[in-house]
Amino acid sequence: MEVVDEFGNTVPDDTIQIKLSVNEKGELAGIGSACPDCMASFKKPEVKVYKGKALAVVRPAVGVTAGIIKVMAESKGMDSVELEIKMH
């Protein structure tokens, strides 16, 4: 994930909190931002970006082999974003 301005440039000094949700086809395996002083769990669905960036690892839910995993990212004061991952 990346926080960008209206021109598509990374906002490296932004430290917003992002909350993720995943539909029933997938699950959040881990989340982080490489922030050296953040002690948050990698398993919680929230992350504080570091230098404008964060990373989430999503995998298919147990027993799911096909369909679309939908990942929603939300943060206060910003537009939410949805990503679709197609499984075959």
# chains A, B, ... in the order shown; residues from 1 in each chain; ligands from 1
>>> residues_around(residues="region 18-31 of chain A", least_positions_apart="5", cutoff="7 Å", atoms="only C-alpha atoms", output="ChimeraX atom specification")
/A:42-43,45-48,55-61,64,68-75
>>> write_last_selection(atoms="C-alpha atoms", output="compact mmCIF listing (two decimals), in the first residue's frame")
# COMPACT_ATOMS: atom_id res chain seq x y z
CA PHE A 42 1.38 -8.40 12.27
CA LYS A 43 -1.96 -10.20 12.60
CA PRO A 45 -5.99 -5.70 10.33
CA GLU A 46 -4.57 -2.21 10.98
CA VAL A 47 -1.20 -0.70 10.18
CA LYS A 48 0.43 2.72 10.48
CA LEU A 55 2.56 -4.13 3.08
CA ALA A 56 -0.19 -6.70 3.47
CA VAL A 57 -0.02 -10.41 2.68
CA VAL A 58 -3.34 -11.96 1.68
CA ARG A 59 -3.98 -15.65 0.99
CA PRO A 60 -6.98 -17.76 0.01
CA ALA A 61 -9.17 -18.91 2.89
CA VAL A 64 -10.98 -21.88 -1.36
CA ILE A 68 -12.25 -13.33 -6.25
CA ILE A 69 -10.60 -12.16 -3.04
CA LYS A 70 -11.59 -8.57 -2.29
CA VAL A 71 -9.35 -6.45 -0.08
CA MET A 72 -10.67 -3.10 1.19
CA ALA A 73 -8.32 -0.43 2.59
CA GLU A 74 -9.80 2.43 4.62
CA SER A 75 -8.41 5.41 6.51
>>> residues_around(residues="Ala34 (chain A)", least_positions_apart="3", cutoff="9 Å", atoms="only C-alpha atoms", output="list in words")
Asp37, Cys38, Val49, Tyr50, Lys53, Ala54 and Leu55 of chain A
>>> residues_around(residues="Asp14 (chain A)", least_positions_apart="3", cutoff="7 Å", atoms="only C-alpha atoms", output="compact mmCIF listing (two decimals) with N, CA and C atoms, in the first residue's frame")
# COMPACT_ATOMS: atom_id res chain seq x y z
N VAL A 11 3.76 10.07 -0.49
CA VAL A 11 3.84 11.08 0.56
C VAL A 11 4.66 10.45 1.70
N LYS A 51 6.96 5.99 6.07
CA LYS A 51 7.46 6.64 4.86
C LYS A 51 6.44 6.53 3.73
N GLY A 52 5.15 6.56 4.11
CA GLY A 52 4.07 6.54 3.13
C GLY A 52 3.70 5.17 2.60
>>> closest_residue(among="A:Val81, A:Gly67, A:Gly32, A:Lys44", to="Val3 (chain A)", atoms="only C-alpha atoms")
A:Val81
>>> atom_distance(atom1="CA of Pro12 (chain A)", atom2="CA of Lys76 (chain A)")
17.8 Å
>>> atom_distance(atom1="CA of Met39 (chain A)", atom2="CA of Val62 (chain A)")
28.3 Å
>>> decode(residues="region 17-57 of chain A", atoms="N, CA and C atoms", output="short mmCIF file (atom, residue, chain, number, x, y, z; two decimals), in the first residue's frame")
data_model
loop_
_atom_site.label_atom_id
_atom_site.label_comp_id
_atom_site.auth_asym_id
_atom_site.auth_seq_id
_atom_site.Cartn_x
_atom_site.Cartn_y
_atom_site.Cartn_z
N GLN A 17 -3.11 5.74 9.69
CA GLN A 17 -3.48 4.38 10.06
C GLN A 17 -4.40 3.84 8.97
N ILE A 18 -4.10 2.66 8.44
CA ILE A 18 -4.93 2.03 7.42
C ILE A 18 -5.55 0.77 8.01
N LYS A 19 -6.84 0.60 7.77
CA LYS A 19 -7.54 -0.60 8.22
C LYS A 19 -7.92 -1.43 7.00
N LEU A 20 -7.62 -2.72 7.05
CA LEU A 20 -7.93 -3.62 5.95
C LEU A 20 -9.04 -4.57 6.32
N SER A 21 -9.82 -4.94 5.32
CA SER A 21 -10.79 -6.01 5.49
C SER A 21 -10.71 -6.88 4.24
N VAL A 22 -10.96 -8.17 4.42
CA VAL A 22 -10.87 -9.14 3.34
C VAL A 22 -12.17 -9.93 3.31
N ASN A 23 -12.70 -10.18 2.11
CA ASN A 23 -13.96 -10.94 2.02
C ASN A 23 -13.74 -12.40 2.41
N GLU A 24 -14.81 -13.19 2.37
CA GLU A 24 -14.77 -14.57 2.85
C GLU A 24 -13.90 -15.50 1.99
N LYS A 25 -13.50 -15.06 0.81
CA LYS A 25 -12.66 -15.89 -0.06
C LYS A 25 -11.19 -15.87 0.35
N GLY A 26 -10.81 -14.88 1.16
CA GLY A 26 -9.41 -14.76 1.55
C GLY A 26 -9.24 -14.44 3.01
N GLU A 27 -7.98 -14.34 3.41
CA GLU A 27 -7.66 -13.96 4.78
C GLU A 27 -6.35 -13.19 4.81
N LEU A 28 -6.23 -12.32 5.78
CA LEU A 28 -5.03 -11.52 5.96
C LEU A 28 -4.00 -12.38 6.68
N ALA A 29 -2.89 -12.68 6.02
CA ALA A 29 -1.84 -13.50 6.62
C ALA A 29 -0.91 -12.66 7.48
N GLY A 30 -0.74 -11.40 7.12
CA GLY A 30 0.14 -10.52 7.88
C GLY A 30 0.12 -9.12 7.31
N ILE A 31 0.55 -8.17 8.13
CA ILE A 31 0.55 -6.76 7.71
C ILE A 31 1.68 -6.05 8.45
N GLY A 32 2.32 -5.10 7.79
CA GLY A 32 3.39 -4.36 8.44
C GLY A 32 3.83 -3.18 7.59
N SER A 33 4.76 -2.39 8.15
CA SER A 33 5.22 -1.21 7.43
C SER A 33 6.73 -0.99 7.52
N ALA A 34 7.45 -1.86 8.20
CA ALA A 34 8.90 -1.75 8.41
C ALA A 34 9.26 -0.60 9.34
N CYS A 35 8.28 -0.02 10.01
CA CYS A 35 8.53 1.05 10.97
C CYS A 35 9.37 0.48 12.13
N PRO A 36 10.56 1.04 12.37
CA PRO A 36 11.44 0.46 13.39
C PRO A 36 10.95 0.62 14.83
N ASP A 37 10.05 1.56 15.08
CA ASP A 37 9.58 1.74 16.46
C ASP A 37 8.11 1.38 16.66
N CYS A 38 7.50 0.72 15.67
CA CYS A 38 6.11 0.27 15.80
C CYS A 38 6.11 -1.16 16.32
N MET A 39 5.37 -1.39 17.39
CA MET A 39 5.34 -2.71 18.00
C MET A 39 3.99 -3.40 17.79
N ALA A 40 3.24 -2.98 16.81
CA ALA A 40 1.91 -3.54 16.55
C ALA A 40 2.01 -4.97 16.03
N SER A 41 0.97 -5.74 16.28
CA SER A 41 0.90 -7.12 15.82
C SER A 41 0.81 -7.19 14.30
N PHE A 42 1.46 -8.18 13.72
CA PHE A 42 1.38 -8.40 12.27
C PHE A 42 0.05 -9.04 11.89
N LYS A 43 -0.71 -9.50 12.86
CA LYS A 43 -1.96 -10.20 12.60
C LYS A 43 -3.19 -9.30 12.69
N LYS A 44 -3.07 -8.12 13.29
CA LYS A 44 -4.21 -7.20 13.37
C LYS A 44 -4.44 -6.57 12.00
N PRO A 45 -5.69 -6.24 11.67
CA PRO A 45 -5.99 -5.70 10.33
C PRO A 45 -5.72 -4.20 10.19
N GLU A 46 -4.88 -3.64 11.06
CA GLU A 46 -4.57 -2.21 10.98
C GLU A 46 -3.07 -2.02 10.97
N VAL A 47 -2.62 -1.00 10.25
CA VAL A 47 -1.20 -0.70 10.18
C VAL A 47 -1.01 0.81 10.02
N LYS A 48 0.04 1.32 10.65
CA LYS A 48 0.43 2.72 10.48
C LYS A 48 1.51 2.74 9.41
N VAL A 49 1.29 3.51 8.34
CA VAL A 49 2.26 3.53 7.25
C VAL A 49 3.59 4.11 7.73
N TYR A 50 4.66 3.71 7.08
CA TYR A 50 6.00 4.20 7.37
C TYR A 50 6.58 4.72 6.06
N LYS A 51 6.96 5.99 6.07
CA LYS A 51 7.46 6.64 4.86
C LYS A 51 6.44 6.53 3.73
N GLY A 52 5.15 6.56 4.11
CA GLY A 52 4.07 6.54 3.13
C GLY A 52 3.70 5.17 2.60
N LYS A 53 4.31 4.11 3.16
CA LYS A 53 4.06 2.77 2.62
C LYS A 53 3.79 1.73 3.70
N ALA A 54 3.12 0.66 3.30
CA ALA A 54 2.86 -0.50 4.16
C ALA A 54 2.66 -1.71 3.25
N LEU A 55 2.68 -2.89 3.84
CA LEU A 55 2.56 -4.13 3.08
C LEU A 55 1.56 -5.05 3.75
N ALA A 56 0.74 -5.70 2.96
CA ALA A 56 -0.19 -6.70 3.47
C ALA A 56 -0.02 -7.98 2.66
N VAL A 57 -0.08 -9.11 3.34
CA VAL A 57 -0.02 -10.41 2.68
C VAL A 57 -1.39 -11.05 2.83
#
